[in-house]
Every structure is written in structure tokens, then in C-alpha cells.
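Printed here is run-v5.csv (CSV, N, CA and C atoms):
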```csv
chain,number,residue,atom,x,y,z
D,1,MET,N,-48.9,-20.4,16.5
D,1,MET,CA,-48.6,-20.0,15.2
D,1,MET,C,-49.0,-18.5,14.9
D,2,LYS,N,-50.2,-18.2,15.4
D,2,LYS,CA,-50.7,-16.9,15.3
D,2,LYS,C,-49.8,-15.8,15.9
D,3,THR,N,-49.2,-16.2,17.1
D,3,THR,CA,-48.3,-15.3,17.7
D,3,THR,C,-47.0,-15.1,16.9
D,4,TYR,N,-46.6,-16.1,16.2
D,4,TYR,CA,-45.4,-16.0,15.4
D,4,TYR,C,-45.6,-15.0,14.2
D,5,TYR,N,-46.8,-15.1,13.5
D,5,TYR,CA,-47.1,-14.2,12.4
D,5,TYR,C,-47.3,-12.8,12.9
D,6,THR,N,-47.9,-12.7,14.1
D,6,THR,CA,-48.1,-11.3,14.7
D,6,THR,C,-46.8,-10.7,15.0
D,7,PHE,N,-45.9,-11.5,15.5
D,7,PHE,CA,-44.5,-10.9,15.8
D,7,PHE,C,-43.8,-10.5,14.6
D,8,LEU,N,-43.9,-11.3,13.5
D,8,LEU,CA,-43.3,-10.9,12.2
D,8,LEU,C,-43.9,-9.7,11.7
D,9,PHE,N,-45.2,-9.6,11.7
D,9,PHE,CA,-45.9,-8.4,11.2
D,9,PHE,C,-45.5,-7.1,11.9
D,10,ILE,N,-45.4,-7.2,13.3
D,10,ILE,CA,-45.0,-6.0,14.1
D,10,ILE,C,-43.5,-5.7,13.7
D,11,LEU,N,-42.7,-6.7,13.6
D,11,LEU,CA,-41.3,-6.4,13.3
D,11,LEU,C,-41.1,-5.8,12.0
D,12,MET,N,-41.8,-6.3,10.9
D,12,MET,CA,-41.7,-5.7,9.6
D,12,MET,C,-42.3,-4.3,9.6
D,13,SER,N,-43.4,-4.1,10.3
D,13,SER,CA,-44.0,-2.7,10.4
D,13,SER,C,-43.0,-1.7,11.0
D,14,VAL,N,-42.4,-2.2,12.1
D,14,VAL,CA,-41.4,-1.3,12.7
D,14,VAL,C,-40.3,-0.9,11.8
D,15,LEU,N,-39.7,-2.0,11.2
D,15,LEU,CA,-38.5,-1.7,10.3
D,15,LEU,C,-38.9,-0.9,9.1
D,16,LEU,N,-40.0,-1.2,8.5
D,16,LEU,CA,-40.4,-0.4,7.3
D,16,LEU,C,-40.8,1.0,7.7
D,17,GLY,N,-41.5,1.1,8.8
D,17,GLY,CA,-41.9,2.5,9.2
D,17,GLY,C,-40.7,3.3,9.6
D,18,TYR,N,-39.7,2.6,10.2
D,18,TYR,CA,-38.4,3.3,10.6
D,18,TYR,C,-37.7,3.8,9.4
D,19,GLY,N,-37.7,3.0,8.3
D,19,GLY,CA,-37.0,3.3,7.1
D,19,GLY,C,-37.7,4.4,6.3
D,20,GLN,N,-39.0,4.6,6.5
D,20,GLN,CA,-39.7,5.6,5.7
D,20,GLN,C,-39.4,7.0,6.1
D,21,ASP,N,-39.1,7.2,7.4
D,21,ASP,CA,-38.8,8.5,7.9
D,21,ASP,C,-37.4,9.0,7.5
D,22,GLY,N,-36.6,8.0,7.0
D,22,GLY,CA,-35.3,8.4,6.5
D,22,GLY,C,-34.2,8.2,7.5
D,23,THR,N,-34.5,8.0,8.8
D,23,THR,CA,-33.4,7.9,9.7
D,23,THR,C,-32.6,6.6,9.5
D,24,PHE,N,-33.3,5.5,9.3
D,24,PHE,CA,-32.6,4.3,9.1
D,24,PHE,C,-31.8,4.3,7.8
D,25,ALA,N,-32.4,4.8,6.8
D,25,ALA,CA,-31.7,4.9,5.5
D,25,ALA,C,-30.5,5.8,5.6
D,26,ALA,N,-30.5,6.9,6.3
D,26,ALA,CA,-29.4,7.7,6.5
D,26,ALA,C,-28.3,7.0,7.3
D,27,GLN,N,-28.7,6.3,8.3
D,27,GLN,CA,-27.7,5.6,9.1
D,27,GLN,C,-27.1,4.5,8.3
D,28,LYS,N,-27.8,3.8,7.5
D,28,LYS,CA,-27.3,2.8,6.7
D,28,LYS,C,-26.3,3.3,5.7
D,29,GLN,N,-26.6,4.5,5.1
D,29,GLN,CA,-25.7,5.1,4.1
D,29,GLN,C,-24.4,5.5,4.7
D,30,THR,N,-24.4,6.1,5.9
D,30,THR,CA,-23.2,6.5,6.5
D,30,THR,C,-22.4,5.3,7.1
D,31,ALA,N,-23.1,4.3,7.5
D,31,ALA,CA,-22.4,3.1,8.0
D,31,ALA,C,-21.7,2.4,7.0
D,32,PHE,N,-22.2,2.4,5.7
D,32,PHE,CA,-21.6,1.6,4.7
D,32,PHE,C,-21.0,2.5,3.6
D,33,SER,N,-20.7,3.8,3.9
D,33,SER,CA,-20.1,4.6,2.9
D,33,SER,C,-18.7,4.2,2.7
D,34,VAL,N,-18.2,4.3,1.5
D,34,VAL,CA,-16.8,3.9,1.2
D,34,VAL,C,-16.0,5.1,0.9
D,35,SER,N,-14.9,5.3,1.7
D,35,SER,CA,-14.1,6.5,1.4
D,35,SER,C,-13.1,6.1,0.3
D,36,LYS,N,-12.7,7.0,-0.5
D,36,LYS,CA,-11.8,6.8,-1.6
D,36,LYS,C,-10.4,6.5,-1.1
D,37,ILE,N,-9.9,5.4,-1.5
D,37,ILE,CA,-8.5,5.1,-1.1
D,37,ILE,C,-7.6,5.6,-2.1
D,38,PRO,N,-6.5,6.4,-1.7
D,38,PRO,CA,-5.7,7.0,-2.7
D,38,PRO,C,-4.9,5.9,-3.5
D,39,VAL,N,-4.9,6.1,-4.8
D,39,VAL,CA,-4.2,5.2,-5.7
D,39,VAL,C,-2.7,5.6,-5.5
D,40,SER,N,-1.9,4.5,-5.5
D,40,SER,CA,-0.5,4.7,-5.3
D,40,SER,C,0.1,5.7,-6.3
D,41,THR,N,0.8,6.7,-5.8
D,41,THR,CA,1.4,7.7,-6.6
D,41,THR,C,2.8,7.5,-7.1
D,42,PHE,N,3.3,6.3,-6.7
D,42,PHE,CA,4.6,5.9,-7.2
D,42,PHE,C,4.7,4.4,-7.3
D,43,SER,N,5.6,3.9,-8.2
D,43,SER,CA,5.8,2.5,-8.3
D,43,SER,C,7.2,2.3,-8.8
D,44,VAL,N,7.8,1.1,-8.5
D,44,VAL,CA,9.1,0.7,-9.0
D,44,VAL,C,8.8,0.0,-10.3
D,45,THR,N,9.2,0.5,-11.4
D,45,THR,CA,9.0,-0.1,-12.7
D,45,THR,C,10.0,-1.2,-13.1
D,46,LYS,N,11.3,-0.9,-12.6
D,46,LYS,CA,12.3,-1.9,-13.0
D,46,LYS,C,13.5,-1.7,-12.1
D,47,ALA,N,14.2,-2.7,-11.7
D,47,ALA,CA,15.5,-2.6,-11.0
D,47,ALA,C,16.5,-3.6,-11.8
D,48,TYR,N,17.6,-3.0,-12.2
D,48,TYR,CA,18.5,-3.8,-13.1
D,48,TYR,C,19.9,-3.3,-12.8
D,49,PRO,N,20.9,-4.1,-13.0
D,49,PRO,CA,20.8,-5.6,-13.3
D,49,PRO,C,20.4,-6.3,-12.0
D,50,ASN,N,19.8,-7.4,-12.2
D,50,ASN,CA,19.3,-8.2,-11.0
D,50,ASN,C,19.5,-9.6,-11.4
D,51,PRO,N,20.6,-10.3,-11.0
D,51,PRO,CA,21.4,-10.1,-9.8
D,51,PRO,C,22.3,-8.9,-9.9
D,52,VAL,N,22.6,-8.2,-8.8
D,52,VAL,CA,23.4,-7.0,-8.7
D,52,VAL,C,24.8,-7.4,-8.4
D,53,LYS,N,25.8,-6.8,-9.0
D,53,LYS,CA,27.2,-7.0,-8.7
D,53,LYS,C,27.6,-5.8,-7.8
D,54,ASP,N,27.6,-4.6,-8.3
D,54,ASP,CA,28.0,-3.4,-7.5
D,54,ASP,C,26.9,-2.4,-7.5
D,55,LEU,N,26.5,-1.9,-8.7
D,55,LEU,CA,25.6,-0.8,-8.8
D,55,LEU,C,24.2,-1.4,-9.4
D,56,VAL,N,23.2,-0.8,-8.8
D,56,VAL,CA,21.8,-1.2,-9.3
D,56,VAL,C,21.1,0.1,-9.7
D,57,THR,N,20.4,0.1,-10.8
D,57,THR,CA,19.6,1.2,-11.2
D,57,THR,C,18.1,0.8,-11.0
D,58,VAL,N,17.5,1.7,-10.3
D,58,VAL,CA,16.1,1.5,-9.9
D,58,VAL,C,15.3,2.6,-10.7
D,59,GLU,N,14.3,2.1,-11.5
D,59,GLU,CA,13.5,3.0,-12.2
D,59,GLU,C,12.2,3.2,-11.4
D,60,VAL,N,11.8,4.4,-11.1
D,60,VAL,CA,10.6,4.7,-10.3
D,60,VAL,C,9.7,5.6,-11.1
D,61,GLN,N,8.4,5.3,-11.1
D,61,GLN,CA,7.5,6.2,-11.8
D,61,GLN,C,6.7,6.9,-10.7
D,62,SER,N,6.6,8.2,-10.7
D,62,SER,CA,6.0,9.0,-9.7
D,62,SER,C,4.9,9.9,-10.3
D,63,ASP,N,3.7,9.8,-9.9
D,63,ASP,CA,2.6,10.6,-10.5
D,63,ASP,C,2.7,12.1,-9.9
D,64,GLN,N,3.2,12.2,-8.7
D,64,GLN,CA,3.2,13.5,-8.0
D,64,GLN,C,4.6,13.6,-7.4
D,65,PRO,N,5.1,14.9,-7.3
D,65,PRO,CA,6.4,15.1,-6.7
D,65,PRO,C,6.3,14.8,-5.2
D,66,GLY,N,7.5,14.5,-4.6
D,66,GLY,CA,7.5,14.3,-3.2
D,66,GLY,C,8.8,13.7,-2.8
D,67,THR,N,9.0,13.5,-1.5
D,67,THR,CA,10.2,12.9,-0.9
D,67,THR,C,10.1,11.4,-0.8
D,68,ILE,N,11.1,10.7,-1.1
D,68,ILE,CA,11.1,9.2,-1.1
D,68,ILE,C,12.2,8.7,-0.2
D,69,GLN,N,11.9,7.7,0.7
D,69,GLN,CA,13.0,7.2,1.5
D,69,GLN,C,13.3,5.8,1.1
D,70,LEU,N,14.6,5.5,0.9
D,70,LEU,CA,15.0,4.1,0.4
D,70,LEU,C,15.8,3.4,1.6
D,71,SER,N,15.5,2.2,1.7
D,71,SER,CA,16.2,1.4,2.7
D,71,SER,C,16.4,0.0,2.2
D,72,LEU,N,17.5,-0.7,2.6
D,72,LEU,CA,17.8,-2.0,2.2
D,72,LEU,C,17.6,-2.9,3.4
D,73,ILE,N,16.9,-4.0,3.1
D,73,ILE,CA,16.6,-5.0,4.2
D,73,ILE,C,17.1,-6.3,3.8
D,74,ASN,N,17.8,-7.0,4.8
D,74,ASN,CA,18.3,-8.3,4.4
D,74,ASN,C,17.2,-9.4,4.6
D,75,ILE,N,17.5,-10.6,4.3
D,75,ILE,CA,16.5,-11.7,4.3
D,75,ILE,C,15.9,-12.0,5.7
D,76,LEU,N,16.7,-11.6,6.7
D,76,LEU,CA,16.2,-11.8,8.1
D,76,LEU,C,15.3,-10.6,8.5
D,77,GLY,N,15.1,-9.6,7.7
D,77,GLY,CA,14.2,-8.5,8.0
D,77,GLY,C,14.9,-7.3,8.7
D,78,THR,N,16.2,-7.4,8.8
D,78,THR,CA,17.0,-6.3,9.4
D,78,THR,C,17.3,-5.2,8.4
D,79,GLU,N,17.1,-4.0,8.8
D,79,GLU,CA,17.5,-2.9,7.9
D,79,GLU,C,19.0,-2.7,8.0
D,80,VAL,N,19.7,-2.9,6.8
D,80,VAL,CA,21.1,-2.8,6.8
D,80,VAL,C,21.6,-1.5,6.2
D,81,LYS,N,20.8,-0.8,5.6
D,81,LYS,CA,21.1,0.5,5.0
D,81,LYS,C,19.9,1.4,4.8
D,82,LYS,N,20.1,2.7,5.2
D,82,LYS,CA,19.0,3.7,5.0
D,82,LYS,C,19.6,4.9,4.4
D,83,TRP,N,19.2,5.2,3.1
D,83,TRP,CA,19.8,6.3,2.4
D,83,TRP,C,19.1,7.6,2.8
D,84,GLU,N,19.7,8.7,2.5
D,84,GLU,CA,19.1,10.0,2.8
D,84,GLU,C,17.9,10.1,1.9
D,85,PRO,N,16.9,10.8,2.4
D,85,PRO,CA,15.6,11.0,1.6
D,85,PRO,C,16.0,11.7,0.3
D,86,LEU,N,15.3,11.3,-0.8
D,86,LEU,CA,15.5,11.9,-2.1
D,86,LEU,C,14.2,12.6,-2.5
D,87,TYR,N,14.3,13.7,-3.2
D,87,TYR,CA,13.1,14.4,-3.7
D,87,TYR,C,12.9,13.9,-5.1
D,88,LEU,N,11.7,13.5,-5.4
D,88,LEU,CA,11.4,13.0,-6.8
D,88,LEU,C,10.4,14.0,-7.4
D,89,SER,N,10.6,14.4,-8.6
D,89,SER,CA,9.6,15.2,-9.3
D,89,SER,C,8.7,14.2,-10.0
D,90,GLY,N,7.6,14.6,-10.6
D,90,GLY,CA,6.7,13.7,-11.2
D,90,GLY,C,7.3,13.1,-12.5
D,91,GLY,N,6.8,11.9,-12.8
D,91,GLY,CA,7.3,11.2,-14.0
D,91,GLY,C,8.3,10.1,-13.7
D,92,ASP,N,9.0,9.7,-14.7
D,92,ASP,CA,9.9,8.6,-14.6
D,92,ASP,C,11.3,9.1,-14.0
D,93,GLN,N,11.8,8.3,-13.1
D,93,GLN,CA,13.1,8.7,-12.4
D,93,GLN,C,14.0,7.5,-12.4
D,94,LYS,N,15.3,7.7,-12.5
D,94,LYS,CA,16.3,6.6,-12.3
D,94,LYS,C,17.1,6.9,-11.1
D,95,ILE,N,17.2,5.9,-10.2
D,95,ILE,CA,18.0,6.1,-9.0
D,95,ILE,C,19.1,5.0,-9.1
D,96,LYS,N,20.4,5.4,-8.9
D,96,LYS,CA,21.5,4.5,-8.9
D,96,LYS,C,22.0,4.3,-7.5
D,97,LEU,N,22.1,3.1,-7.1
D,97,LEU,CA,22.5,2.7,-5.7
D,97,LEU,C,23.8,1.8,-5.7
D,98,ASP,N,24.7,2.1,-4.9
D,98,ASP,CA,26.0,1.3,-4.8
D,98,ASP,C,25.8,0.3,-3.7
D,99,LEU,N,25.8,-1.0,-4.1
D,99,LEU,CA,25.7,-2.1,-3.2
D,99,LEU,C,27.0,-2.9,-3.1
D,100,SER,N,28.1,-2.3,-3.5
D,100,SER,CA,29.4,-3.0,-3.5
D,100,SER,C,29.9,-3.5,-2.2
D,101,THR,N,29.5,-2.8,-1.1
D,101,THR,CA,30.0,-3.1,0.2
D,101,THR,C,29.1,-4.2,0.9
D,102,PHE,N,28.1,-4.6,0.3
D,102,PHE,CA,27.2,-5.6,1.0
D,102,PHE,C,27.6,-7.0,0.5
D,103,GLN,N,27.4,-8.0,1.4
D,103,GLN,CA,27.6,-9.4,1.2
D,103,GLN,C,26.6,-9.9,0.1
D,104,SER,N,27.0,-11.0,-0.5
D,104,SER,CA,26.1,-11.7,-1.4
D,104,SER,C,24.9,-12.2,-0.6
D,105,GLY,N,23.7,-12.2,-1.3
D,105,GLY,CA,22.5,-12.6,-0.6
D,105,GLY,C,21.3,-12.0,-1.2
D,106,ILE,N,20.2,-12.2,-0.6
D,106,ILE,CA,18.9,-11.7,-1.0
D,106,ILE,C,18.5,-10.5,-0.1
D,107,TYR,N,18.1,-9.4,-0.8
D,107,TYR,CA,17.8,-8.2,-0.1
D,107,TYR,C,16.4,-7.7,-0.6
D,108,PHE,N,15.8,-6.9,0.2
D,108,PHE,CA,14.6,-6.2,-0.2
D,108,PHE,C,14.9,-4.7,-0.2
D,109,LEU,N,14.6,-4.0,-1.3
D,109,LEU,CA,14.7,-2.6,-1.4
D,109,LEU,C,13.4,-2.0,-1.1
D,110,ARG,N,13.2,-1.3,0.0
D,110,ARG,CA,12.0,-0.7,0.4
D,110,ARG,C,12.0,0.8,0.1
D,111,LEU,N,11.0,1.3,-0.7
D,111,LEU,CA,10.8,2.7,-1.0
D,111,LEU,C,9.6,3.2,-0.4
D,112,THR,N,9.7,4.2,0.4
D,112,THR,CA,8.5,4.8,1.1
D,112,THR,C,8.3,6.2,0.7
D,113,LYS,N,7.1,6.6,0.4
D,113,LYS,CA,6.7,7.9,0.0
D,113,LYS,C,5.4,8.2,0.7
D,114,ALA,N,5.4,9.1,1.7
D,114,ALA,CA,4.3,9.5,2.5
D,114,ALA,C,3.9,8.2,3.2
D,115,ASP,N,2.7,7.7,3.0
D,115,ASP,CA,2.3,6.4,3.7
D,115,ASP,C,2.2,5.3,2.7
D,116,GLN,N,2.9,5.4,1.6
D,116,GLN,CA,2.9,4.3,0.6
D,116,GLN,C,4.2,3.7,0.5
D,117,VAL,N,4.2,2.3,0.3
D,117,VAL,CA,5.5,1.6,0.3
D,117,VAL,C,5.5,0.7,-0.9
D,118,ALA,N,6.6,0.6,-1.6
D,118,ALA,CA,6.9,-0.3,-2.7
D,118,ALA,C,8.1,-1.1,-2.3
D,119,THR,N,8.2,-2.3,-2.7
D,119,THR,CA,9.3,-3.2,-2.4
D,119,THR,C,9.8,-3.9,-3.6
D,120,GLN,N,11.1,-4.0,-3.7
D,120,GLN,CA,11.7,-4.7,-4.9
D,120,GLN,C,12.7,-5.7,-4.3
D,121,LEU,N,12.6,-6.9,-4.8
D,121,LEU,CA,13.6,-8.0,-4.4
D,121,LEU,C,14.9,-7.8,-5.2
D,122,LEU,N,16.0,-7.9,-4.5
D,122,LEU,CA,17.3,-7.8,-5.2
D,122,LEU,C,18.2,-9.0,-4.8
D,123,LYS,N,18.9,-9.5,-5.7
D,123,LYS,CA,19.8,-10.6,-5.4
D,123,LYS,C,21.2,-10.0,-5.6
D,124,LYS,N,22.1,-10.1,-4.6
D,124,LYS,CA,23.4,-9.5,-4.7
D,124,LYS,C,24.4,-10.6,-4.8
D,125,ASN,N,25.2,-10.6,-5.9
D,125,ASN,CA,26.3,-11.6,-6.2
D,125,ASN,C,27.6,-11.1,-5.5
```

Go ahead and express the file in the form of C-alpha cells.
Amino acid sequence: MKTYYTFLFILMSVLLGYGQDGTFAAQKQTAFSVSKIPVSTFSVTKAYPNPVKDLVTVEVQSDQPGTIQLSLINILGTEVKKWEPLYLSGGDQKIKLDLSTFQSGIYFLRLTKADQVATQLLKKN
């Protein structure tokens, strides 16, 4: 039992002594430092009408200007349409898309801006 307490005493002394010189504390701080994750700079606020017959209006709110890529994905996960990139200025934007050539079904509208992605579910009649 005396050996057990001696071992704990030595272990605590080493750990506390190591922390007092600042090296352990500095390592702990860098190991657990949290980098700021950028808040999404755009979002889809509304897509209407949904269900869609021919045209859909997508309202996008963008905090910062930039280029956005839109693509339409079917329920199987296949990209069926990729539109040309659009430049969005800051603020609220309305984007009109023609879906008249697509079959009825469930689709996902994927909007990509830099490394951020927003998805909107659309039902096509």
C-alpha cells in the first residue's frame, strides 16, 4: 500500500511540476483550441411554388457577394441538370428556374457557394 501512495505522490508531483513551468499548459491550450467555423454566408429562404409545375422561384439570402452553383439532383442521387454559375450580390435574391422539361418526381436543388452547400427539396408535378 505504501508503494501505491508513493507512486501516486510521484505522479502528481511530476504532473503538477510539469504544469507549473507552462509547457504542459501551453500544449493543452493549443491541443484544444477551437478555430472559428465560418457561419453560412447564404441560405435558401423559400422555393415556390412547391410542388412545381414549370417554373420555380428560389429566394436566396446572401450575406456576402459571390458565385453560386445550382444543380438539380433526382431521388436516386444523379445530377440531372447543372446550371451556369451565377453571381450573387449581398442581400436577398430571387432566382427563377425552368423545370418544364423534367419528369414528375422528387428532386433536390443543391446550391453551392465556395465550400458551403444548401439543399432544397422540390416536388415536380

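Residues within 12 Å of Leu99 in chain D, counting only C-alpha atoms and excluding same-chain residues fewer than 5 positions away, are Pro49, Asn50, Pro51, Val52, Lys53, Asp54, Leu55, Val56, Thr57, Ser71, Leu72, Val80, Lys81, Trp83, Ser104, Gly105, Ile106, Tyr107, Leu109, Leu122, Lys123, Lys124 and Asn125 of chain D.
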
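The gap separating atom C of Ala47 in chain D from atom C of Ile73 in chain D is 15.8 Å, in Å to one decimal.
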
Which of these, D:Asp92, D:Glu79, D:Asp115, D:Glu84, has the shortest distance to Val44 in chain D once you count only C-alpha atoms? D:Asp92

Considering all atoms listed in the file, tabulate each residue of range 69-111 of chain D that lies at most 6.5 Å from range 59-63 of chain D along with its nearest interatomic pair and the corresponding distance in Å to one decimal; arrange the rows by chain and ascending residue number and present them as JSON lines.
```
{"residue": "D:Ser89", "atom": "C", "partner": "D:Ser62", "partner_atom": "C", "distance": 5.7}
{"residue": "D:Gly90", "atom": "CA", "partner": "D:Ser62", "partner_atom": "C", "distance": 4.3}
{"residue": "D:Gly91", "atom": "N", "partner": "D:Ser62", "partner_atom": "C", "distance": 3.7}
{"residue": "D:Asp92", "atom": "CA", "partner": "D:Gln61", "partner_atom": "CA", "distance": 4.4}
{"residue": "D:Gln93", "atom": "N", "partner": "D:Val60", "partner_atom": "C", "distance": 4.0}
{"residue": "D:Lys94", "atom": "CA", "partner": "D:Glu59", "partner_atom": "CA", "distance": 4.6}
{"residue": "D:Ile95", "atom": "N", "partner": "D:Glu59", "partner_atom": "N", "distance": 5.0}
```

Using only C-alpha atoms, can you tell me which of D:Leu76, D:Val117, D:Val58, D:Thr45 comes closest to Leu97 in chain D?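 Among the listed residues, the smallest separation from Leu97 in chain D belongs to D:Val58.
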